[in-house]
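What follows is the content of work_35.cif, which has mmCIF, C-alpha atoms:
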```
data_structure
loop_
_atom_site.label_atom_id
_atom_site.label_comp_id
_atom_site.auth_asym_id
_atom_site.auth_seq_id
_atom_site.Cartn_x
_atom_site.Cartn_y
_atom_site.Cartn_z
CA MET A 29 130.29 220.56 155.42
CA ALA A 30 132.71 218.96 157.86
CA ILE A 31 129.83 217.60 159.93
CA ARG A 32 128.10 216.17 156.86
CA ALA A 33 131.33 214.50 155.78
CA THR A 34 131.69 213.03 159.25
CA TYR A 35 128.14 211.59 159.06
CA LEU A 36 128.90 210.14 155.66
CA ILE A 37 132.06 208.45 156.92
CA VAL A 38 130.20 206.97 159.93
CA ALA A 39 127.44 205.65 157.67
CA VAL A 40 129.95 204.02 155.34
CA LEU A 41 131.77 202.43 158.24
CA GLY A 42 128.41 201.16 159.67
CA LEU A 43 127.44 199.58 156.36
CA ALA A 44 130.86 197.99 156.07
CA GLY A 45 130.55 196.58 159.61
CA ALA A 46 127.12 195.21 158.92
CA GLY A 47 128.28 193.55 155.72
CA THR A 48 131.25 191.99 157.53
CA ALA A 49 128.99 190.64 160.26
CA ALA A 50 126.60 189.15 157.70
CA TRP A 51 129.48 187.49 155.86
CA TRP A 52 130.80 186.00 159.09
CA LEU A 53 127.36 184.65 160.06
CA GLN A 54 126.98 183.05 156.64
CA ARG A 55 130.34 181.33 157.05
CA ALA A 56 129.46 180.16 160.55
CA ALA A 57 125.91 178.86 159.65
CA PRO A 58 126.91 175.68 157.70
CA PRO A 59 128.97 174.21 160.55
CA ALA A 60 126.12 174.94 162.96
CA ALA A 61 123.55 173.35 160.59
CA SER A 62 125.70 170.33 160.08
CA GLY A 63 126.23 170.17 163.83
CA ALA A 64 122.44 170.27 164.35
CA ALA A 65 121.93 167.53 161.81
CA ALA A 66 124.75 165.45 163.21
CA PRO A 67 122.65 163.91 165.99
CA GLN A 68 120.27 162.61 163.34
CA GLY A 69 122.92 160.27 161.99
CA PRO A 70 123.07 158.19 165.13
CA GLN A 71 119.28 158.22 165.37
CA ASN A 72 118.91 156.96 161.82
CA GLY A 73 121.53 154.40 162.48
CA ALA A 74 119.68 153.40 165.62
CA GLY A 75 116.45 153.07 163.58
CA LYS A 76 118.16 150.77 161.14
CA GLY A 77 119.49 148.74 164.01
CA ALA A 78 115.99 148.53 165.55
CA ALA A 79 114.56 147.28 162.27
CA ALA A 80 117.13 144.56 162.27
CA GLN A 81 116.20 143.55 165.81
CA PRO A 82 113.63 140.70 166.22
CA VAL A 83 110.03 141.81 166.65
CA SER A 84 108.29 140.62 169.83
CA VAL A 85 105.20 138.52 169.10
CA GLU A 86 102.84 136.25 170.98
CA VAL A 87 102.17 132.79 169.57
CA ALA A 88 100.00 129.71 169.97
CA ARG A 89 100.24 126.17 168.67
CA VAL A 90 97.79 124.51 166.32
CA ARG A 91 95.94 121.81 168.25
CA THR A 92 93.02 119.43 167.80
CA THR A 93 89.69 119.57 169.53
CA VAL A 94 86.12 118.40 169.14
CA ILE A 95 84.20 120.71 166.82
CA ARG A 96 80.42 120.48 166.75
CA ASP A 97 78.49 121.89 163.85
CA GLU A 98 75.39 123.13 165.62
CA ALA A 99 72.78 125.87 165.67
CA GLN A 100 71.24 127.60 168.67
CA ALA A 101 67.55 128.46 168.86
CA VAL A 102 64.84 129.24 171.37
CA GLY A 103 61.41 127.69 171.47
CA SER A 104 58.39 126.76 173.59
CA LEU A 105 57.01 123.48 174.86
CA ARG A 106 53.60 122.32 173.66
CA SER A 107 51.32 119.45 174.61
CA ARG A 108 51.28 116.49 172.27
CA ARG A 109 47.49 116.85 172.25
CA SER A 110 45.47 119.66 173.75
CA VAL A 111 41.76 120.49 173.70
CA VAL A 112 39.35 122.78 175.53
CA LEU A 113 36.02 121.11 176.34
CA ARG A 114 33.04 123.18 175.16
CA PRO A 115 29.36 122.17 175.03
CA GLU A 116 27.68 121.97 171.63
CA VAL A 117 24.27 122.88 173.10
CA SER A 118 23.18 125.10 175.93
CA GLY A 119 22.24 123.58 179.28
CA ARG A 120 22.64 123.57 183.05
CA VAL A 121 25.49 121.63 184.67
CA THR A 122 24.13 118.81 186.87
CA GLN A 123 27.28 116.74 187.48
CA LEU A 124 31.07 117.13 187.31
CA HIS A 125 33.00 113.86 187.25
CA PHE A 126 36.59 115.14 187.58
CA SER A 127 38.82 117.22 189.84
CA ASP A 128 41.26 119.98 188.93
CA GLY A 129 44.57 118.59 187.65
CA GLU A 130 43.27 115.01 187.67
CA ARG A 131 44.31 112.39 185.12
CA VAL A 132 41.38 111.41 182.88
CA ARG A 133 40.85 108.54 180.48
CA LYS A 134 39.51 108.51 176.95
CA GLY A 135 35.70 108.23 176.94
CA GLN A 136 35.33 109.22 180.60
CA VAL A 137 32.25 111.41 181.23
CA LEU A 138 33.53 114.67 182.64
CA VAL A 139 30.49 116.98 182.57
CA GLN A 140 26.80 116.15 182.58
CA LEU A 141 24.26 118.76 181.53
CA ASP A 142 20.55 118.63 182.37
CA ASP A 143 19.09 115.98 180.03
CA GLN A 144 15.56 115.46 181.37
CA LEU A 145 13.86 116.78 178.23
CA PRO A 146 16.12 114.89 175.78
CA ARG A 147 15.61 111.65 177.76
CA ALA A 148 11.84 112.11 177.55
CA GLN A 149 12.15 112.67 173.83
CA VAL A 150 14.16 109.46 173.57
CA GLN A 151 11.41 107.53 175.38
CA GLN A 152 8.78 109.03 173.11
CA ALA A 153 10.79 108.12 170.02
CA GLN A 154 11.24 104.57 171.30
CA ALA A 155 7.46 104.19 171.76
CA GLU A 156 6.77 105.54 168.27
CA LEU A 157 9.37 103.18 166.86
CA SER A 158 7.72 100.23 168.61
CA ILE A 159 4.33 101.11 167.11
CA ALA A 160 5.79 101.63 163.64
CA ARG A 161 7.60 98.29 163.80
CA ALA A 162 4.41 96.45 164.88
CA ASN A 163 2.36 98.05 162.09
CA HIS A 164 4.96 97.12 159.53
CA LEU A 165 5.05 93.47 160.66
CA ARG A 166 1.24 93.31 160.54
CA ASN A 167 1.16 94.75 157.03
CA GLN A 168 3.72 92.21 155.90
CA GLU A 169 1.41 89.39 157.08
CA LEU A 170 -1.66 90.98 155.49
CA VAL A 171 0.11 91.48 152.17
CA ALA A 172 1.13 87.83 152.22
CA GLN A 173 -2.55 86.88 152.74
CA GLY A 174 -3.73 89.34 150.11
CA PHE A 175 -5.84 91.47 152.47
CA VAL A 176 -3.93 94.77 151.86
CA SER A 177 -2.14 96.27 148.96
CA GLN A 178 1.56 96.63 148.48
CA ARG A 179 1.14 100.36 148.92
CA SER A 180 0.12 99.92 152.55
CA LEU A 181 3.22 97.86 153.15
CA ASP A 182 5.44 100.54 151.60
CA GLU A 183 3.82 103.23 153.74
CA SER A 184 4.38 101.26 156.91
CA ALA A 185 8.02 100.69 155.94
CA ALA A 186 8.50 104.43 155.45
CA SER A 187 6.84 105.14 158.82
CA LEU A 188 9.22 102.67 160.43
CA GLN A 189 12.23 104.47 158.94
CA VAL A 190 10.90 107.83 160.18
CA ALA A 191 10.49 106.44 163.68
CA GLN A 192 14.01 105.07 163.62
CA ALA A 193 15.36 108.45 162.53
CA LYS A 194 13.46 110.26 165.31
CA LEU A 195 14.94 107.91 167.89
CA ALA A 196 18.47 108.42 166.54
CA LEU A 197 17.95 112.21 166.64
CA ALA A 198 16.70 112.13 170.22
CA GLU A 199 19.59 109.93 171.33
CA ALA A 200 22.14 112.20 169.59
CA THR A 201 20.63 115.25 171.28
CA ALA A 202 20.83 113.54 174.67
CA ALA A 203 24.42 112.42 174.01
CA ARG A 204 25.50 116.01 173.39
CA LEU A 205 24.66 116.80 176.99
CA LYS A 206 27.46 114.48 178.13
CA LEU A 207 30.98 115.80 177.65
CA VAL A 208 33.61 113.06 177.58
CA ALA A 209 37.43 113.08 177.46
CA PRO A 210 38.61 112.71 173.84
CA PHE A 211 41.94 111.12 174.89
CA ASP A 212 44.01 110.20 177.93
CA GLY A 213 45.47 113.25 179.59
CA MET A 214 45.52 115.69 182.47
CA ALA A 215 42.56 117.92 183.26
CA GLY A 216 43.29 121.58 183.83
CA LEU A 217 41.50 124.00 186.10
CA ARG A 218 37.75 123.94 185.57
CA ASN A 219 35.88 127.16 184.94
CA VAL A 220 32.37 125.94 185.87
CA HIS A 221 30.51 124.48 188.83
CA VAL A 222 27.39 122.41 189.34
CA GLY A 223 24.36 124.59 188.69
CA ASP A 224 26.01 126.89 186.16
CA TYR A 225 24.08 127.51 182.96
CA LEU A 226 26.34 127.17 179.96
CA LYS A 227 25.78 128.44 176.49
CA ASP A 228 27.05 126.50 173.53
CA GLY A 229 30.79 127.13 173.00
CA ALA A 230 31.54 128.15 176.60
CA ASP A 231 34.95 127.04 177.95
CA ILE A 232 34.73 124.35 180.61
CA VAL A 233 38.21 122.83 181.10
CA ASN A 234 41.33 122.05 179.07
CA ILE A 235 42.67 118.53 178.63
CA GLU A 236 46.42 118.12 178.02
CA ASP A 237 48.26 115.01 176.87
CA ILE A 238 51.78 115.59 178.26
CA ASP A 239 53.20 112.06 178.40
CA SER A 240 55.21 113.36 175.46
CA VAL A 241 55.64 117.07 174.74
CA PHE A 242 56.59 118.97 171.62
CA VAL A 243 59.18 121.72 171.42
CA ASP A 244 58.63 124.17 168.58
CA PHE A 245 61.57 126.31 167.46
CA ARG A 246 62.86 128.18 164.42
CA LEU A 247 66.16 127.95 162.58
CA PRO A 248 67.61 130.35 159.98
CA GLU A 249 66.69 129.39 156.45
CA ARG A 250 70.28 128.37 155.63
CA TYR A 251 69.74 125.27 157.78
CA GLN A 252 66.59 124.10 155.98
CA GLY A 253 68.61 121.72 153.79
CA ARG A 254 70.47 120.21 156.75
CA ILE A 255 67.78 119.59 159.35
CA ARG A 256 66.19 116.14 159.02
CA THR A 257 63.31 114.29 160.67
CA GLY A 258 64.64 111.83 163.21
CA GLN A 259 67.60 114.07 164.03
CA MET A 260 68.34 114.64 167.71
CA ALA A 261 68.50 118.02 169.43
CA GLN A 262 69.49 119.05 172.93
CA VAL A 263 67.01 121.04 175.01
CA GLU A 264 67.67 123.06 178.16
CA LEU A 265 64.97 124.79 180.18
CA ASP A 266 65.32 127.91 182.31
CA ALA A 267 62.69 126.51 184.67
CA LEU A 268 64.81 123.38 185.29
CA PRO A 269 68.44 124.55 185.44
CA GLY A 270 71.09 121.89 185.11
CA GLU A 271 68.74 119.46 183.33
CA THR A 272 69.27 118.47 179.71
CA TYR A 273 66.70 116.67 177.56
CA GLN A 274 67.00 114.94 174.20
CA ALA A 275 64.42 115.84 171.57
CA GLN A 276 63.81 114.08 168.27
CA VAL A 277 62.77 116.10 165.24
CA ARG A 278 59.29 115.01 164.16
CA ALA A 279 58.27 117.53 161.52
CA ILE A 280 59.67 120.42 159.49
CA ASP A 281 57.44 123.10 158.05
CA PRO A 282 57.78 123.01 154.25
CA GLN A 283 57.21 126.77 154.05
CA ILE A 284 59.88 129.35 154.95
CA ASP A 285 58.62 132.26 157.02
CA ALA A 286 59.01 135.27 154.72
CA ASN A 287 59.14 137.74 157.62
CA GLY A 288 61.96 136.18 159.62
CA ARG A 289 63.47 134.01 156.84
CA SER A 290 63.33 131.03 159.16
CA VAL A 291 62.05 127.45 159.08
CA SER A 292 59.78 126.07 161.81
CA VAL A 293 60.77 122.76 163.38
CA ARG A 294 58.85 120.52 165.81
CA ALA A 295 60.59 117.95 167.99
CA SER A 296 59.26 115.63 170.70
CA ILE A 297 60.56 114.93 174.21
CA ASP A 298 59.66 111.92 176.35
CA ASN A 299 57.88 113.27 179.43
CA ARG A 300 56.60 110.21 181.25
CA GLY A 301 58.02 111.72 184.45
CA LEU A 302 55.68 114.72 183.92
CA GLN A 303 58.44 117.21 184.74
CA LEU A 304 57.88 119.26 181.61
CA ARG A 305 54.88 121.51 181.19
CA PRO A 306 53.43 123.18 178.10
CA GLY A 307 54.47 126.80 177.72
CA MET A 308 57.97 126.42 179.19
CA PHE A 309 60.76 128.45 177.56
CA ALA A 310 63.34 126.19 175.91
CA ARG A 311 66.86 126.66 174.59
CA VAL A 312 67.46 124.25 171.73
CA THR A 313 70.78 123.14 170.26
CA ALA A 314 70.42 121.36 166.94
CA ARG A 315 73.56 119.40 166.07
CA PHE A 316 74.36 118.51 162.48
CA ASP A 317 77.92 117.15 162.62
CA SER A 318 80.78 116.50 165.05
CA ARG A 319 84.53 116.12 164.37
CA ALA A 320 86.87 114.94 167.13
CA ASP A 321 90.19 115.81 165.40
CA ALA A 322 89.54 119.28 163.99
CA LEU A 323 92.59 121.60 163.79
CA VAL A 324 91.96 124.90 165.58
CA VAL A 325 93.79 128.15 166.30
CA PRO A 326 92.78 131.18 168.38
CA GLU A 327 90.63 133.72 166.56
CA GLU A 328 93.34 136.36 167.17
CA ALA A 329 95.70 134.50 164.85
CA ILE A 330 93.50 135.05 161.78
CA VAL A 331 94.32 138.10 159.65
CA PRO A 332 91.24 138.88 157.52
CA GLN A 333 91.80 139.90 153.92
CA GLY A 334 88.56 139.78 151.99
CA SER A 335 87.80 136.16 151.12
CA SER A 336 91.45 135.09 151.57
CA PRO A 337 92.37 135.11 155.29
CA TYR A 338 95.88 134.15 156.34
CA VAL A 339 98.07 133.58 159.39
CA PHE A 340 101.74 134.11 160.21
CA THR A 341 103.61 131.00 161.27
CA VAL A 342 106.89 131.07 163.19
CA VAL A 343 109.63 128.95 161.55
CA PRO A 344 113.43 128.63 162.09
CA GLY A 345 115.51 131.33 160.37
CA ALA A 346 118.76 131.05 158.42
CA ALA A 347 120.89 131.95 161.44
CA ALA A 348 121.27 129.41 164.19
CA GLY A 349 118.62 129.89 166.88
CA SER A 350 116.78 132.61 164.96
CA GLN A 351 113.06 132.61 164.12
CA VAL A 352 111.21 134.30 161.28
CA VAL A 353 107.59 134.53 160.20
CA HIS A 354 106.00 132.93 157.16
CA ARG A 355 102.66 134.05 155.74
CA VAL A 356 100.28 131.14 155.13
CA PRO A 357 96.82 131.40 153.46
CA VAL A 358 94.21 129.30 155.28
CA ARG A 359 90.71 127.98 154.67
CA LEU A 360 88.54 128.33 157.73
CA GLY A 361 85.71 126.25 159.08
CA LEU A 362 83.56 126.59 162.17
CA ARG A 363 84.11 128.88 165.15
CA GLN A 364 83.63 127.65 168.68
CA GLY A 365 84.59 129.12 172.04
CA GLY A 366 87.12 131.65 170.71
CA MET A 367 88.78 129.06 168.43
CA VAL A 368 88.59 128.76 164.64
CA GLU A 369 88.76 125.55 162.68
CA VAL A 370 91.45 125.52 159.98
CA LYS A 371 90.61 123.11 157.17
CA GLU A 372 93.61 123.86 154.94
CA GLY A 373 96.99 125.55 155.32
CA LEU A 374 98.23 124.39 158.73
CA ALA A 375 99.34 121.19 160.42
CA LEU A 376 99.23 120.01 164.01
CA ASP A 377 101.72 121.79 166.33
CA ASP A 378 102.45 124.60 163.86
CA VAL A 379 103.21 127.85 165.71
CA VAL A 380 101.09 130.84 164.68
CA VAL A 381 101.34 134.50 165.68
CA THR A 382 98.41 135.68 167.83
CA ALA A 383 99.62 139.22 168.64
CA GLY A 384 102.03 141.51 166.77
CA GLN A 385 100.96 140.75 163.20
CA GLN A 386 100.81 144.47 162.39
CA ARG A 387 104.62 144.67 162.78
CA VAL A 388 105.38 141.69 160.53
CA GLN A 389 103.69 142.38 157.24
CA ARG A 390 106.03 140.28 155.08
CA ASP A 391 107.80 136.93 155.08
CA GLY A 392 111.22 136.56 156.66
CA VAL A 393 110.89 139.19 159.41
CA PRO A 394 112.86 137.98 162.46
CA VAL A 395 110.75 137.62 165.58
CA ARG A 396 111.17 136.90 169.25
CA VAL A 397 108.49 134.84 170.98
CA VAL A 398 107.14 136.40 174.16
CA GLU A 399 106.20 133.79 176.74
CA LEU A 400 103.07 134.76 178.64
CA PRO A 401 102.05 133.20 181.95
CA ALA A 402 99.32 130.65 181.35
CA SER A 403 96.03 131.43 183.06
CA PRO A 404 94.03 128.56 184.62
CA ALA A 405 91.51 128.76 181.78
CA ASN A 406 94.25 128.59 179.13
CA ALA A 407 95.96 125.75 180.95
CA ALA A 408 92.72 123.77 181.04
CA SER A 409 92.12 124.51 177.36
CA ALA A 410 95.64 123.39 176.47
CA ALA A 411 95.17 120.21 178.47
CA LYS A 412 92.22 119.31 176.28
#
```

I'd like the structure from this file rewritten - as C-alpha cells, please.
Amino acid sequence: MAIRATYLIVAVLGLAGAGTAAWWLQRAAPPAASGAAAPQGPQNGAGKGAAAQPVSVEVARVRTTVIRDEAQAVGSLRSRRSVVLRPEVSGRVTQLHFSDGERVRKGQVLVQLDDQLPRAQVQQAQAELSIARANHLRNQELVAQGFVSQRSLDESAASLQVAQAKLALAEATAARLKLVAPFDGMAGLRNVHVGDYLKDGADIVNIEDIDSVFVDFRLPERYQGRIRTGQMAQVELDALPGETYQAQVRAIDPQIDANGRSVSVRASIDNRGLQLRPGMFARVTARFDSRADALVVPEEAIVPQGSSPYVFTVVPGAAAGSQVVHRVPVRLGLRQGGMVEVKEGLALDDVVVTAGQQRVQRDGVPVRVVELPASPANAASAAK
C-alpha cells in the first residue's frame, strides 16, 4: 500500500509539473509571436515607402516624319506583245530569214515553206482567169450586136467570177507558206532548221516586243478601291539589285480572285534600254499617299486595349522637379519601320513612356526617366 501511495504521489506531482510547464509556455508564446511578427512592420513600412518612390521608365518624344501609305506585292514581268510563230499548213522549210535573238520588223518574212505546188496553182488560176475574162468581153460584144443571148453573157460573167475566186484561193494558199513578223520585236531561239518538215501548229520561234514591258502583280482586295489607272508604282528586281524602276498602272482586273481575295493589276515600264526581260521576278511597291509631317511614336509606347489604345505621357508633377504619368487615348494611323502614326491625342515633342507601363497603371504615378545611351541607329533616326 505504501508503494502504491508513493506511485500516486509521483503521478500527481508529474501532472502538476506538466501543467505548470504548459502554462508557462502559453504565457511565453505571445511575446515570441509578436517578436516574430515585429520584423514585418519595417518591411511593410519599407513597401509603402517603395510605392511612394518614383517608378523608373523609359521614354521617347513624339516627332514628325514622312509616312507613306503603300502596299507591297510581288509580280512578274511580261512582254508588251508576245507571239509564237506557227504554220497554218504543213510543209518543208526552205528558207529562214532571221537569226536567234535578232530584232525583226513588222511584215518581215521570217520563214519560207516549200511553195512550188501553190505557185503552180496560182499560175494555173491566172491562165483560167485570163480565158474567162476574154470570153466575157467577147460575149459582151456579141450581145451588143445581137448574135448571142443574154444568158450566154450571164454564164460568162459567172465563169469570170469563179476564175477570180480560184486565183484568190491559190494566192492565199501560197501566202500561208510565208511566215512574217506580226509586229516589231525581238526573235527568240528558233526550234527549226532548213529542211525540217513542219506540221500545222508546230512551234517555230517566239517574237517578243520588249520596248515596254508589263509587270503583273496582285494586291489584297481592301486596296481595290484605292488603286487607280495612271498611278505610279516602284519596282525592284532581284536580277538587277540596286536598280529601281517606275511603273504606271495601265489596267485593273474588274474581278476579285475568290481564292486569294486579291485584285490583279498590270503596270507598264519603259524598257527602251532593253535591260528588263520577260519572266523576271519583281517586287512592287504601290504608293497611295504620302505625308511629310505625320506625328509618330515607337510601337512600344502603344498600350493596346481592344479598339481604344492609349499611351502614358510624362508631365510635370505637383512637387517641384517631380514627374508623373498621364494616360492619353490615341487614334492610330499607319505603321512604318517600328513607328506608329498618331492621328489624335498627342502633340509634337510630347514625352511618352516606352518601357515600364505595367508599373504605372493609373494617372498621377510619380516616375523617374531612365536615360539610355543612344545607339547609332537611334541617333540617325532622331536626326531625321

Check your understanding: When the PyMOL selection byres ((chain A and resi 275) around 7) is applied to the file above, which residues end up in the set, as a list in words?
Key ->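 Given this file, the PyMOL selection byres ((chain A and resi 275) around 7) evaluates to Met260, Ala261, Gln262, Val263, Tyr273, Gln274, Gln276, Val277, Ala295, Ser296 and Ile297 of chain A.
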
Review point. Smallest atom-to-atom distance to Val331 in chain A: which of A:Gly349, A:Pro282, A:Pro210, A:Pro357, using only C-alpha atoms?
Key: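 The answer is A:Pro357, which sits nearest to Val331 in chain A.
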
Point to revise | Minimum-distance residue to Gly392 in chain A, chosen among A:Ala286, A:Ala346, A:Ala203, A:Val370 (using all atoms listed in the file) | key: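 Result for the nearest residue to Gly392 in chain A: A:Ala346.
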
Point to revise | Residues in the PyMOL selection byres ((chain A and resi 265) around 9), expressed as a ChimeraX atom specification | key: /A:263-264,266-273,308-312

Save out the residues we just selected, C-alpha atoms, as a PDB file, in the frame of the given file.
```pdb
ATOM      1  CA  VAL A 263      67.010 121.040 175.010  1.00  0.00           C
ATOM      2  CA  GLU A 264      67.670 123.060 178.160  1.00  0.00           C
ATOM      3  CA  ASP A 266      65.320 127.910 182.310  1.00  0.00           C
ATOM      4  CA  ALA A 267      62.690 126.510 184.670  1.00  0.00           C
ATOM      5  CA  LEU A 268      64.810 123.380 185.290  1.00  0.00           C
ATOM      6  CA  PRO A 269      68.440 124.550 185.440  1.00  0.00           C
ATOM      7  CA  GLY A 270      71.090 121.890 185.110  1.00  0.00           C
ATOM      8  CA  GLU A 271      68.740 119.460 183.330  1.00  0.00           C
ATOM      9  CA  THR A 272      69.270 118.470 179.710  1.00  0.00           C
ATOM     10  CA  TYR A 273      66.700 116.670 177.560  1.00  0.00           C
ATOM     11  CA  MET A 308      57.970 126.420 179.190  1.00  0.00           C
ATOM     12  CA  PHE A 309      60.760 128.450 177.560  1.00  0.00           C
ATOM     13  CA  ALA A 310      63.340 126.190 175.910  1.00  0.00           C
ATOM     14  CA  ARG A 311      66.860 126.660 174.590  1.00  0.00           C
ATOM     15  CA  VAL A 312      67.460 124.250 171.730  1.00  0.00           C
TER      16      VAL A 312
END
```

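Running the PyMOL selection byres ((chain A and resi 179-182) around 10) on this file leaves Asn163, His164, Leu165, Arg166, Asn167, Gln168, Glu169, Leu170, Val171, Val176, Ser177, Gln178, Glu183, Ser184, Ala185, Ala186, Ser187 and Leu188 of chain A selected.
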
Practice item. Determine, counting all atoms listed in the file, which protein, DNA and RNA residues have an atom within 8 Å of an atom of range 84-95 of chain A; residues of the same chain fewer than 2 positions away are not included. Present the result as a PyMOL selection string. Key: chain A and resi 82+97+318-326+362+364+369+374-385+395-400+412

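Non-sequential neighbours of Ser336 in chain A (distance at most 10 Å, separation of 6 or more positions within a chain, only C-alpha atoms) are Pro357, Val358, Arg359 and Leu360 of chain A.
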
Check your understanding: Quick one, how far is CA of Asp212 in chain A from CA of Val132 in chain A?
Key -> 5.7 Å

Review point. What is the distance, in Å and to one decimal place, between CA of Arg106 in chain A and CA of Phe242 in chain A?
Key: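 Interatomic distance here is 4.9 Å.
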
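What separates CA of Val111 in chain A from CA of Asn234 in chain A is a distance of 5.6 Å.
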
Practice item. Name the residues in contact with Gly216 in chain A at a cut-off of 6 Å, using all atoms listed in the file, excluding same-chain residues fewer than 3 positions from it; report them as a ChimeraX atom specification. Key: /A:128-129,233-234

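Shell of Ser118 in chain A at 9 Å, with all atoms listed in the file counted and residues fewer than 3 places along the chain excluded, is Pro115, Leu141, Leu205, Tyr225, Leu226, Lys227, Asp228, Gly229 and Ala230 of chain A.
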
Review point. Pick the closest to Gln136 in chain A from A:Val117, A:Ala162, A:Ile330, A:Val208: which is it, counting only C-alpha atoms?
Key: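 Of A:Val117, A:Ala162, A:Ile330, A:Val208, the one nearest Gln136 in chain A, counting only C-alpha atoms, is A:Val208.
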